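Heads up, run.txt below (compact mmCIF, C-alpha atoms):
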# COMPACT_ATOMS: atom_id res chain seq x y z
CA MET F 362 45.29 -39.63 104.45
CA GLN F 363 46.44 -41.31 101.30
CA ARG F 364 43.34 -43.51 101.07
CA ARG F 365 41.05 -40.55 101.64
CA PHE F 366 42.90 -38.55 98.91
CA LEU F 367 42.57 -41.24 96.20
CA PRO F 368 38.79 -40.94 95.79
CA VAL F 369 39.18 -37.20 95.43
CA VAL F 370 41.82 -37.68 92.71
CA PHE F 371 39.66 -40.32 91.04
CA ALA F 372 36.62 -38.03 91.16
CA PHE F 373 38.69 -35.21 89.66
CA LEU F 374 39.84 -37.47 86.81
CA LEU F 375 36.25 -38.50 86.10
CA LEU F 376 35.24 -34.87 86.00
CA ALA F 377 38.10 -34.06 83.61
CA ILE F 378 37.18 -36.97 81.31
CA TRP F 379 33.53 -35.88 81.34
CA LEU F 380 34.57 -32.32 80.49
CA MET F 381 36.93 -33.26 77.63
CA PRO F 382 34.22 -33.73 74.95
CA MET F 383 32.77 -30.39 75.91
CA VAL F 384 36.16 -28.74 75.54
CA THR F 385 36.77 -30.48 72.20
CA ARG F 386 33.33 -29.50 70.91
CA ALA F 387 33.88 -25.89 71.91
CA GLN F 388 37.12 -25.83 69.90
CA ARG F 389 35.19 -26.91 66.79
CA THR F 390 32.66 -24.12 66.97
CA ARG F 391 33.01 -20.99 64.86
CA CYS F 392 30.65 -18.04 65.22
CA PHE F 393 30.08 -15.09 62.91
CA ALA F 394 29.02 -11.69 64.18
CA GLU F 395 27.92 -10.79 60.63
CA THR F 396 24.87 -13.07 60.89
CA GLY F 397 24.84 -14.11 64.56
CA TYR F 398 25.07 -17.86 63.80
CA CYS F 399 27.71 -20.50 64.52
CA ILE F 400 28.99 -23.61 62.73
CA GLU F 401 30.24 -26.69 64.51
CA GLY F 402 31.07 -30.37 64.20
CA VAL F 403 31.06 -32.13 60.84
CA ILE F 404 29.32 -29.17 59.17
CA LEU F 405 32.16 -26.89 60.22
CA THR F 406 34.77 -29.41 59.06
CA TYR F 407 33.08 -29.69 55.67
CA TRP F 408 32.71 -25.88 55.41
CA GLU F 409 36.40 -25.33 56.17
CA GLN F 410 37.76 -28.11 53.96
CA ASN F 411 35.68 -27.23 50.93
CA GLY F 412 36.20 -23.53 50.43
CA GLY F 413 34.79 -21.75 53.47
CA LEU F 414 33.41 -18.25 53.11
CA PRO F 415 33.91 -17.70 49.33
CA VAL F 416 32.16 -21.00 48.51
CA PHE F 417 29.40 -21.19 51.13
CA GLY F 418 29.08 -17.71 52.61
CA TYR F 419 28.08 -17.02 56.20
CA PRO F 420 25.65 -19.29 58.10
CA THR F 421 22.13 -17.88 58.07
CA THR F 422 20.38 -20.36 60.40
CA GLU F 423 21.29 -22.58 63.32
CA LEU F 424 21.74 -26.34 62.80
CA ARG F 425 18.23 -27.81 62.82
CA VAL F 426 16.26 -30.80 61.59
CA GLU F 427 14.60 -30.28 58.21
CA THR F 428 13.09 -32.35 55.40
CA ASN F 429 14.48 -31.60 51.96
CA ASN F 430 12.76 -31.88 48.57
CA ASP F 431 13.90 -35.48 48.17
CA GLY F 432 12.14 -36.54 51.37
CA TRP F 433 15.29 -36.89 53.49
CA THR F 434 15.02 -35.62 57.09
CA GLY F 435 18.05 -34.73 59.21
CA PRO F 436 20.38 -32.05 60.58
CA THR F 437 20.50 -29.13 58.15
CA GLN F 438 22.12 -25.71 58.19
CA TRP F 439 21.62 -22.89 55.69
CA PHE F 440 24.32 -20.59 54.35
CA GLU F 441 24.23 -17.59 52.06
CA ARG F 442 25.21 -19.71 49.06
CA ASP F 443 24.25 -23.24 50.06
CA ARG F 444 22.42 -25.66 52.33
CA LEU F 445 24.52 -28.33 54.07
CA GLU F 446 22.99 -31.60 55.30
CA ASP F 447 24.56 -34.05 57.78
CA HIS F 448 23.78 -37.50 56.35
CA GLY F 449 25.64 -39.41 59.09
CA VAL F 450 27.74 -42.24 57.65
CA GLU F 451 27.26 -40.79 54.15
CA GLY F 452 28.89 -37.56 55.28
CA VAL F 453 27.87 -33.97 54.65
CA LEU F 454 26.04 -33.27 51.40
CA ALA F 455 25.04 -30.02 49.74
CA GLY F 456 21.43 -29.35 48.80
CA ARG F 457 20.13 -29.35 45.20
CA LEU F 458 19.53 -25.61 45.30
CA GLY F 459 20.07 -24.89 41.61
CA ALA F 460 17.30 -27.22 40.52
CA GLY F 461 15.21 -26.21 43.52
CA LEU F 462 15.34 -22.49 42.79
CA LEU F 463 14.30 -22.98 39.16
CA GLU F 464 11.35 -25.11 40.34
CA LEU F 465 10.31 -22.41 42.81
CA GLN F 466 10.49 -19.82 40.04
CA GLY F 467 8.20 -21.91 37.85
CA ARG F 468 11.04 -22.65 35.40
CA PRO F 469 11.81 -26.39 35.76
CA TRP F 470 15.25 -27.14 34.37
CA ARG F 471 13.87 -29.75 31.98
CA ASP F 472 12.02 -26.96 30.15
CA PHE F 473 15.27 -25.20 29.23
CA PRO F 474 16.73 -25.73 25.73
CA GLN F 475 19.15 -28.64 25.59
CA VAL F 476 22.09 -29.54 23.37
CA ARG F 477 23.23 -32.84 21.88
CA ASP F 478 26.99 -32.41 22.02
CA ALA F 479 29.73 -30.07 23.20
CA PRO F 480 32.36 -28.19 21.20
CA SER F 481 36.06 -28.95 21.45
CA GLY F 482 37.48 -28.11 24.84
CA CYS F 483 34.12 -28.49 26.59
CA ARG F 484 32.40 -31.39 28.34
CA TYR F 485 29.05 -32.90 27.48
CA PHE F 486 26.75 -34.58 30.00
CA ALA F 487 24.22 -36.92 28.41
CA VAL F 488 22.46 -37.27 31.78
CA THR F 489 21.06 -33.74 31.42
CA ASP F 490 21.88 -32.98 27.75
CA HIS F 491 23.96 -29.95 28.67
CA SER F 492 27.52 -28.82 28.06
CA LEU F 493 30.16 -27.26 30.29
CA CYS F 494 32.63 -24.78 28.78
CA GLU F 495 35.09 -22.19 30.06
CA PRO F 496 35.31 -20.40 32.36
CA PHE F 497 32.80 -22.49 34.31
CA LYS F 498 34.42 -25.80 33.30
CA ARG F 499 37.72 -24.99 35.01
CA TYR F 500 35.96 -23.76 38.16
CA TRP F 501 33.73 -26.87 38.23
CA GLU F 502 36.70 -29.23 37.87
CA GLN F 503 38.95 -27.47 40.39
CA ASN F 504 36.36 -26.92 43.12
CA GLY F 505 34.61 -30.22 43.71
CA GLY F 506 33.08 -31.18 40.37
CA LEU F 507 30.06 -33.46 40.38
CA GLU F 508 29.89 -33.89 44.17
CA ARG F 509 29.92 -30.16 44.86
CA PHE F 510 27.89 -28.77 41.97
CA GLY F 511 26.07 -31.66 40.33
CA TYR F 512 25.41 -31.81 36.59
CA PRO F 513 24.83 -28.68 34.51
CA ILE F 514 21.07 -28.20 34.04
CA THR F 515 21.10 -25.19 31.70
CA GLU F 516 23.43 -23.80 29.07
CA PRO F 517 25.18 -20.52 29.91
CA PHE F 518 22.95 -17.49 29.33
CA TYR F 519 22.90 -13.76 29.94
CA ALA F 520 20.94 -12.58 32.97
CA THR F 521 20.35 -9.57 35.17
CA LEU F 522 20.50 -10.31 38.90
CA ASP F 523 19.69 -7.31 41.03
CA ASP F 524 22.24 -4.67 39.95
CA TRP F 525 24.60 -7.03 38.09
CA SER F 526 24.33 -8.43 34.55
CA GLY F 527 26.42 -11.19 33.02
CA THR F 528 26.63 -14.82 31.94
CA ILE F 529 25.38 -17.46 34.36
CA GLN F 530 24.85 -21.23 34.31
CA TYR F 531 22.74 -23.38 36.62
CA PHE F 532 23.87 -26.70 38.05
CA GLU F 533 21.92 -29.16 40.19
CA ARG F 534 23.31 -27.65 43.37
CA ARG F 535 24.61 -24.22 42.41
CA ARG F 536 24.59 -21.25 40.03
CA MET F 537 27.88 -19.99 38.59
CA GLU F 538 28.30 -16.36 37.53
CA HIS F 539 30.98 -15.02 35.19
CA HIS F 540 32.04 -11.61 36.52
CA THR F 541 34.04 -10.16 33.63
CA GLU F 542 34.57 -6.99 35.66
CA LEU F 543 36.81 -9.16 37.89
CA ALA F 544 38.65 -10.86 35.01
CA GLY F 545 42.12 -12.06 35.94
CA THR F 546 41.32 -12.39 39.64
CA GLN F 547 40.23 -15.40 41.70
CA TYR F 548 36.72 -13.93 41.79
CA GLU F 549 36.07 -13.98 38.04
CA VAL F 550 33.71 -16.93 38.60
CA LEU F 551 31.47 -16.55 41.64
CA LEU F 552 28.72 -18.71 43.07
CA GLY F 553 25.23 -17.27 43.38
CA LEU F 554 23.58 -16.60 46.74
CA LEU F 555 21.20 -19.52 46.25
CA GLY F 556 20.82 -20.23 49.94
CA ASN F 557 19.34 -16.78 50.47
CA GLU F 558 17.25 -16.92 47.28
CA VAL F 559 15.73 -20.35 47.94
CA ARG F 560 14.86 -19.46 51.53
CA ALA F 561 13.27 -16.22 50.32
CA TYR F 562 11.10 -18.07 47.81
CA ALA F 563 10.20 -20.72 50.36
CA SER F 564 9.07 -18.00 52.78
CA GLY F 565 6.77 -16.54 50.13
CA THR F 566 8.60 -13.22 49.89
CA PRO F 567 11.10 -13.68 47.07
CA VAL F 568 12.96 -10.85 45.41
CA GLN F 569 12.56 -11.77 41.76
CA PRO F 570 15.51 -10.65 39.64
CA SER F 571 15.00 -10.02 35.95
CA VAL F 572 16.34 -13.23 34.43
CA PRO F 573 15.62 -14.16 30.80
CA PRO F 574 15.23 -17.84 29.86
CA ALA F 575 18.27 -19.84 28.83
CA TYR F 576 19.49 -20.29 25.29
CA PRO F 577 22.20 -22.63 23.98
CA ALA F 578 25.75 -21.33 24.29
CA PRO F 579 27.90 -20.59 21.24
CA SER F 580 30.18 -23.31 19.89
CA THR F 581 33.13 -21.30 21.21
CA SER F 582 33.77 -17.65 21.88
CA PRO F 583 33.40 -15.49 18.77
CA VAL F 584 36.57 -14.26 17.15
CA ILE F 585 35.08 -10.81 16.49
CA THR F 586 32.00 -8.98 17.59
CA SER F 587 31.44 -5.56 16.12
CA THR F 588 30.53 -2.34 17.87
CA PRO F 589 26.84 -1.36 17.74
CA LEU F 590 25.98 1.78 15.84
CA PRO F 591 25.44 5.04 17.75
CA SER F 592 22.05 6.67 17.94
CA PRO F 593 21.30 8.66 14.76
CA ILE F 594 22.32 12.31 14.67
CA LEU F 595 20.32 13.31 11.60
CA PRO F 596 16.53 13.09 11.26
CA THR F 597 15.18 10.23 9.21
CA PRO F 598 14.83 11.47 5.60
CA THR F 599 11.58 10.95 3.70
CA VAL F 600 11.95 9.72 0.13
CA SER F 601 9.62 8.23 -2.46
CA PRO F 602 9.81 4.52 -3.33
CA SER F 603 11.52 3.51 -6.55
CA PRO F 604 12.31 0.13 -8.17
CA VAL F 605 14.36 -2.32 -6.13
CA SER F 606 18.12 -2.24 -6.75
CA PRO F 607 19.83 -5.42 -8.02
CA THR F 608 21.06 -7.83 -5.37
CA PRO F 609 24.67 -9.05 -5.23
CA THR F 610 25.65 -11.20 -8.18
CA THR F 611 27.53 -13.77 -6.07
CA VAL F 612 24.86 -16.05 -4.63
CA THR F 613 25.58 -19.68 -3.82
CA ALA F 614 23.24 -22.52 -4.71
CA GLU F 615 22.75 -23.21 -1.01
CA TYR F 616 21.81 -19.65 -0.09
CA PRO F 617 18.66 -17.83 -1.25
CA ILE F 618 18.61 -14.70 -3.34
CA PRO F 619 18.52 -11.89 -0.75
CA GLY F 620 15.03 -10.85 0.20
CA THR F 621 13.25 -14.03 -0.98
CA CYS F 622 13.10 -16.27 2.11
CA LEU F 623 14.80 -17.24 5.39
CA THR F 624 17.13 -20.20 5.85
CA ALA F 625 16.54 -22.50 8.81
CA GLN F 626 19.27 -20.76 10.85
CA GLU F 627 17.86 -17.34 10.00
CA ALA F 628 14.37 -18.38 11.06
CA GLU F 629 15.87 -19.72 14.27
CA LEU F 630 17.75 -16.48 14.89
CA ALA F 631 14.56 -14.46 14.44
CA ARG F 632 12.75 -16.75 16.87
CA LEU F 633 15.50 -16.60 19.50
CA VAL F 634 15.76 -12.81 19.34
CA ASN F 635 12.00 -12.39 19.77
CA ASP F 636 11.84 -15.02 22.53
CA TYR F 637 14.56 -13.13 24.37
CA ARG F 638 12.70 -9.84 23.91
CA ASN F 639 9.49 -11.46 25.17
CA ALA F 640 11.32 -12.60 28.31
CA THR F 641 12.15 -8.96 29.07
CA GLY F 642 8.55 -7.85 28.51
CA LEU F 643 9.00 -6.57 24.95
CA PRO F 644 6.83 -7.60 21.98
CA ASP F 645 7.97 -9.47 18.88
CA VAL F 646 9.57 -7.41 16.13
CA PRO F 647 8.09 -8.31 12.69
CA ILE F 648 10.63 -10.05 10.44
CA SER F 649 10.91 -7.50 7.67
CA LYS F 650 11.28 -8.48 4.02
CA SER F 651 13.20 -5.26 3.28
CA LEU F 652 15.63 -5.43 6.21
CA THR F 653 16.21 -9.16 5.66
CA HIS F 654 17.07 -8.27 2.04
CA VAL F 655 19.69 -5.86 3.41
CA ALA F 656 20.97 -8.33 6.02
CA GLN F 657 21.34 -11.19 3.53
CA ALA F 658 23.09 -8.93 1.02
CA HIS F 659 25.50 -7.88 3.74
CA VAL F 660 26.52 -11.36 4.95
CA LEU F 661 27.19 -12.33 1.33
CA ASP F 662 29.30 -9.21 0.85
CA LEU F 663 31.20 -9.86 4.08
CA HIS F 664 31.94 -13.43 3.02
CA ASN F 665 32.70 -12.88 -0.65
CA ASN F 666 34.43 -9.49 -0.59
CA GLU F 667 35.70 -9.00 2.99
CA PRO F 668 35.08 -5.24 3.26
CA ASP F 669 36.08 -5.46 6.93
CA SER F 670 39.67 -6.31 6.04
CA GLY F 671 40.73 -2.87 4.76
CA THR F 672 41.28 0.65 6.10
CA ASP F 673 39.90 4.08 5.25
CA ASN F 674 41.90 7.04 3.90
CA ARG F 675 43.03 7.82 7.44
CA GLY F 676 44.40 4.34 7.97
CA GLU F 677 41.57 3.43 10.39
CA ALA F 678 40.51 -0.24 10.29
CA CYS F 679 37.18 -1.12 8.69
CA ASN F 680 34.93 -3.30 10.85
CA MET F 681 32.05 -5.67 10.07
CA HIS F 682 29.58 -2.85 9.43
CA SER F 683 31.56 -2.09 6.26
CA TRP F 684 30.40 -2.66 2.66
CA SER F 685 32.60 -3.33 -0.37
CA ASP F 686 32.55 -1.61 -3.77
CA GLN F 687 31.39 -4.83 -5.44
CA GLY F 688 27.62 -4.28 -5.25
CA GLU F 689 24.84 -1.89 -6.25
CA TRP F 690 25.42 0.30 -3.24
CA SER F 691 27.87 2.91 -1.98
CA PRO F 692 30.98 1.39 -0.38
CA VAL F 693 31.44 2.11 3.31
CA CYS F 694 34.47 1.60 5.51
CA TYR F 695 32.84 1.68 8.93
CA THR F 696 35.35 2.58 11.63
CA SER F 697 35.19 2.47 15.42
CA ASP F 698 34.70 6.24 15.63
CA HIS F 699 31.46 5.99 13.59
CA ALA F 700 32.78 8.59 11.12
CA ASN F 701 30.87 7.02 8.21
CA ALA F 702 27.71 6.09 10.12
CA THR F 703 25.32 7.73 7.67
CA GLY F 704 26.54 5.45 4.89
CA MET F 705 25.48 2.48 7.00
CA TRP F 706 22.14 3.89 8.11
CA ASN F 707 21.23 4.56 4.48
CA LYS F 708 21.68 0.97 3.31
CA PRO F 709 18.00 -0.05 3.67
CA ARG F 710 17.05 2.72 1.24
CA GLU F 711 19.92 1.91 -1.13
CA ILE F 712 19.42 -1.85 -1.18
CA THR F 713 15.60 -1.79 -1.46
CA GLY F 714 15.36 1.14 -3.88
CA ASN F 715 13.66 3.30 -1.23
CA ARG F 716 10.92 0.77 -0.55
CA TYR F 717 12.06 0.96 3.07
CA ILE F 718 12.38 4.66 3.87
CA GLY F 719 13.86 4.53 7.38
CA ASP F 720 17.38 4.21 8.71
CA GLY F 721 18.76 0.79 9.59
CA TYR F 722 20.86 -0.24 12.60
CA GLU F 723 22.95 -3.39 12.56
CA ILE F 724 24.50 -5.72 15.11
CA ALA F 725 27.04 -8.14 13.62
CA TYR F 726 28.79 -11.34 14.67
CA GLY F 727 31.88 -12.99 13.19
CA PHE F 728 33.13 -16.46 13.98
CA SER F 729 36.10 -18.56 12.85
CA GLY F 730 33.84 -21.56 12.26
CA GLN F 731 30.30 -21.88 11.02
CA ALA F 732 28.16 -19.12 12.50
CA ASP F 733 24.83 -20.18 14.00
CA ALA F 734 21.81 -18.48 15.49
CA ALA F 735 22.38 -19.53 19.11
CA GLY F 736 26.05 -18.59 19.08
CA ALA F 737 25.32 -15.16 17.63
CA LEU F 738 22.59 -14.34 20.14
CA ASN F 739 24.67 -15.54 23.07
CA ALA F 740 27.58 -13.34 21.98
CA TRP F 741 25.31 -10.29 21.67
CA GLN F 742 23.70 -10.99 25.05
CA ASN F 743 27.17 -11.01 26.60
CA SER F 744 28.02 -7.62 25.09
CA PRO F 745 26.20 -4.84 27.00
CA GLY F 746 26.17 -2.57 23.94
CA HIS F 747 24.69 -5.18 21.61
CA ASN F 748 22.30 -6.41 24.27
CA ALA F 749 20.97 -2.87 24.75
CA VAL F 750 20.14 -2.65 21.05
CA ILE F 751 18.13 -5.89 21.10
CA ILE F 752 16.09 -5.04 24.19
CA GLU F 753 15.72 -1.32 23.48
CA GLN F 754 17.79 0.10 26.31
CA ASN F 755 19.86 3.31 26.28
CA ASN F 756 17.45 5.10 23.90
CA TRP F 757 17.45 2.34 21.24
CA GLY F 758 14.16 1.58 19.49
CA PRO F 759 11.29 1.12 19.58
CA TRP F 760 11.78 -1.36 16.76
CA GLN F 761 9.05 -1.92 14.17
CA ALA F 762 11.05 -4.07 11.74
CA MET F 763 13.88 -6.60 11.94
CA GLY F 764 15.98 -8.31 9.29
CA VAL F 765 18.17 -11.35 9.93
CA ALA F 766 20.90 -13.22 8.06
CA VAL F 767 23.29 -16.08 8.84
CA TYR F 768 25.85 -17.24 6.29
CA GLU F 769 29.20 -19.01 6.64
CA HIS F 770 31.18 -17.08 9.31
CA HIS F 771 28.76 -14.19 9.87
CA ALA F 772 25.39 -13.39 11.36
CA VAL F 773 23.73 -9.96 11.38
CA VAL F 774 20.48 -8.44 12.58
CA TRP F 775 19.12 -5.15 11.26
CA PHE F 776 16.59 -3.07 13.19
CA GLY F 777 14.38 -0.25 11.99
CA LYS F 778 11.93 2.16 13.61
CA GLU F 779 9.57 2.23 10.63
CA VAL F 780 7.07 -0.45 9.63
CA ASP F 781 8.13 -2.24 6.44
CA PRO F 782 5.68 -1.52 3.56
CA GLN F 783 6.83 -4.77 1.94
CA GLY F 784 5.63 -6.75 4.94
CA THR F 785 7.22 -9.83 6.46
CA ILE F 786 9.28 -12.68 5.05
CA SER F 787 8.85 -16.44 5.54
CA ALA F 788 11.15 -19.46 5.76
CA CYS F 789 12.39 -21.07 2.57
CA GLN F 790 10.38 -24.09 1.43

Could you show the structure in this file as structure tokens?
Amino acid sequence: MQRRFLPVVFAFLLLAIWLMPMVTRAQRTRCFAETGYCIEGVILTYWEQNGGLPVFGYPTTELRVETNNDGWTGPTQWFERDRLEDHGVEGVLAGRLGAGLLELQGRPWRDFPQVRDAPSGCRYFAVTDHSLCEPFKRYWEQNGGLERFGYPITEPFYATLDDWSGTIQYFERRRMEHHTELAGTQYEVLLGLLGNEVRAYASGTPVQPSVPPAYPAPSTSPVITSTPLPSPILPTPTVSPSPVSPTPTTVTAEYPIPGTCLTAQEAELARLVNDYRNATGLPDVPISKSLTHVAQAHVLDLHNNEPDSGTDNRGEACNMHSWSDQGEWSPVCYTSDHANATGMWNKPREITGNRYIGDGYEIAYGFSGQADAAGALNAWQNSPGHNAVIIEQNNWGPWQAMGVAVYEHHAVVWFGKEVDPQGTISACQ
């Protein structure tokens, strides 16, 4: 009996040994009713150890053999936010979906504006000529860095993705999104659904979000950005032209007399604003001689006389739309309740001696360091109110004239609905 029993025991042990890998493999499988797909093996291990659902999203395909854009062929599985590839002894690697999506959209990353350095507190990558600043820098460093995301391949820029608008930045493998509506939570920086978007483009049925091209990020966050002006309450008055009023007496040797020409930064600001408008389907706004006269007079007044440092007779703080009593114009303490808005709207007529007969509307930018065109535009793009003025949303516009100025710590843009009889203005020679 004992000899006959041993083969049975031995056969049972063999069966148990043969079954053990199956049992082990079953324990390393995780399925999701949300999409109907499962993850297992090394892909599951990588998914769990590197952030799981918030980082990768749900699986959207089974594990299958695919060939990626670099010519590699092997086991691949797609997720809402990523594509994971099993490279055997090299381990699991994420796909280059950031670069891939831009290629599919006809916007190769090498065509995006680049930078040559990074401001203090940021990182600069000479490999791609792009910088990495907060809040994306902290997220990049704390969640896998170069291996997980790759190098930055754009600067941060403002974009509209489906029903959300905000600042985004593309990396070789991912897209980061700054959700200010979730500020202070762990979800303030989120990763884009690039897995879904790349697969949609590859299938020939992409949903194309409205995304403007990238522009360089500001040196750092602006210290102050002012509140855009409200829509006018009064009808635009009609007045007859008269001689031009004197310009401010304080003009530096490095800065032109207001209304004569554009500095290099001002020409760049005009170009960037119009490029951004073009990306949203809007035409260029002519660079108005009259409104540039007003804009340049204002940045000089802001720098020399600081009209935004006082208060009105109610004790309300004056903001950057304010004008001092040191020029050939009426002083204005512009407050957040827009109580003195008409004094601001009238400045094009005051400054140009009624050569420009329409109202003017200003967006302003203040910075602790040297203001520049790219920093100003980026700040305005990240402010929904300012952004609406530029791209004519919320009943703003249509704009027929634009004036620009950049000096020391300030940059301003003035918009008008009337064509400028004085025509356009050119860059300084």

Have a look at F:His771, F:His491, F:Arg499, F:Arg638 and name the one nearest to Val750 in chain F; count all atoms listed in the file.
->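 Residue with the minimum atom-to-atom distance to Val750 in chain F: F:Arg638.
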
For CA of Pro415 in chain F and CA of Gly556 in chain F, determine how far apart the two atoms are, in Å to one decimal place.
-> 13.3 Å

So, counting only C-alpha atoms, which residue among F:Glu549, F:Asp733, F:Asp443, F:Glu495 is closest to Arg509 in chain F?
->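 Nearest candidate to Arg509 in chain F out of F:Glu549, F:Asp733, F:Asp443, F:Glu495: F:Asp443.
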
So what do you get for CA of Trp433 in chain F versus CA of Leu493 in chain F, distance-wise?
-> 29.2 Å

Hey, can you check how far CA of Tyr616 in chain F sits from CA of Lys650 in chain F?
->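 Interatomic distance, CA of Tyr616 in chain F to CA of Lys650 in chain F: 15.9 Å.
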
Pick out the residues sitting within 10 Å of range 777-779 of chain F, and hand them over as a VMD selection string; count all atoms listed in the file, and ignore anything fewer than 2 positions along from it in its own chain.
-> chain F and resid 597 646 649 652 706 709 717 to 723 757 to 764 775 781 to 782

Once you count only C-alpha atoms, which residues end up no further than 10 Å from (30.2, -19.9, 7.8) in the file's frame, shown as JSON, numbers by chain?
-> {"F": [660, 664, 727, 728, 729, 730, 731, 732, 733, 767, 768, 769, 770, 771, 772]}
